[in-house]
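Asker: Before I ask anything, here is the structure I am working with.
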Amino acid sequence: PGTVLGLSFAATFNQPRFFNAGLVLVGTFWILPIIYFLRILPLVLRSTQANLEQIDENLESASRSLGATFFYTLRKVTLPLILPGAISGTALAFATAMGEFVTSVIVYVPSSRPISIEIASQLRAFHLGNAAVYGVLLTIIIGISLIIGRRLATSESNYNI
């Protein structure tokens with residue numbers, strides 16, 4: 001999927017055309033964040049969907065029967081219950097995007113190289129120390145993001161309705 005997505009974006013956004021609204025993204029900074037977003041969106045959606053499926057419909061019905069509007073019920077009942085799944089899915093997606101190599105190698109711009117490409121570049125040049133430092137840095141960034149995501153998810157799951 002990463003290879004297909006990268007090649008598709010490279011072919012679609014390499015020159016202005018009618019169907020891409022004249023946008024040329026190949027060679028710009030913005031192509032990687034857009035591709036990462038599209039590549040990892042299913043992780044966030046699956047995690048959020050799992051929480052949505054676990055919500056008891058009686059909670060929403062009780063809120064509605066007590067006179068709450070649809071949007072109030074959504075804001076005060078549904079969103080607090082699905083937020084932990086969305087936060088944990090986002091943390092997992094961020095960790096996945098940080099180490100994404102397959103898509104990055106197809107469309108990256110030398111002026112903004114992802115850390116996974118830099119690690120591979122350092123390894124090819126036999127600069128093992130530099131590659132190890134980048135690997136440790138990547139591990140620390142991913143670890144911190146997962147810890148923050150876990151804390152946010154658990155603090156939101158303890159939210160009183």
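Residues are named by chain letter and number: chains run A, B, ... in the order of the structure tokens, numbers start at 1 in each chain, and ligands are numbered from 1 in the order shown.
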Residues within 12 Å of stretch 138-155 of chain A, please, as a count of residues only. Count only C-alpha atoms; anything in the same chain fewer than 3 positions from it doesn't count.
Answerer: 38
Asker: Could you pull out the helix (DSSP H, G or I) residues of stretch 11-96 of chain A from DSSP and send them as a VMD selection string?
Answerer: chain A and resid 11 to 12 31 to 54 57 to 65 70 to 96
Asker: Considering only C-alpha atoms, state which residue in the set A:Phe101, A:Leu137, A:Ser121, A:Val26 is at the smallest distance from A:Ser8.
Answerer: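 Smallest distance to A:Ser8 is found for A:Val26.
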Asker: For the atom pair atom CA of A:Ile35 and atom CA of A:Gln49, what is the interatomic distance in Å to one decimal place?
Answerer: 21.9 Å
Asker: With only C-alpha atoms as the basis for distance, which of A:Leu32, A:Phe19, A:Glu57, A:Thr12 is at the shortest distance from A:Ile106?
Answerer: A:Leu32
Asker: Skipping near chain neighbours, those fewer than 3 positions away, what residues fall within 12 Å of A:Ser61 using only C-alpha atoms, listed as a list of chain:residue names?
Answerer: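 Once the adjacent positions are removed, what remains is A:Ile55, A:Asp56, A:Glu57, A:Asn58, A:Arg64, A:Ser65, A:Leu66, A:Gly67, A:Ala68, A:Thr69, A:Phe70, A:Thr73, A:Leu74, A:Val77, A:Thr78.
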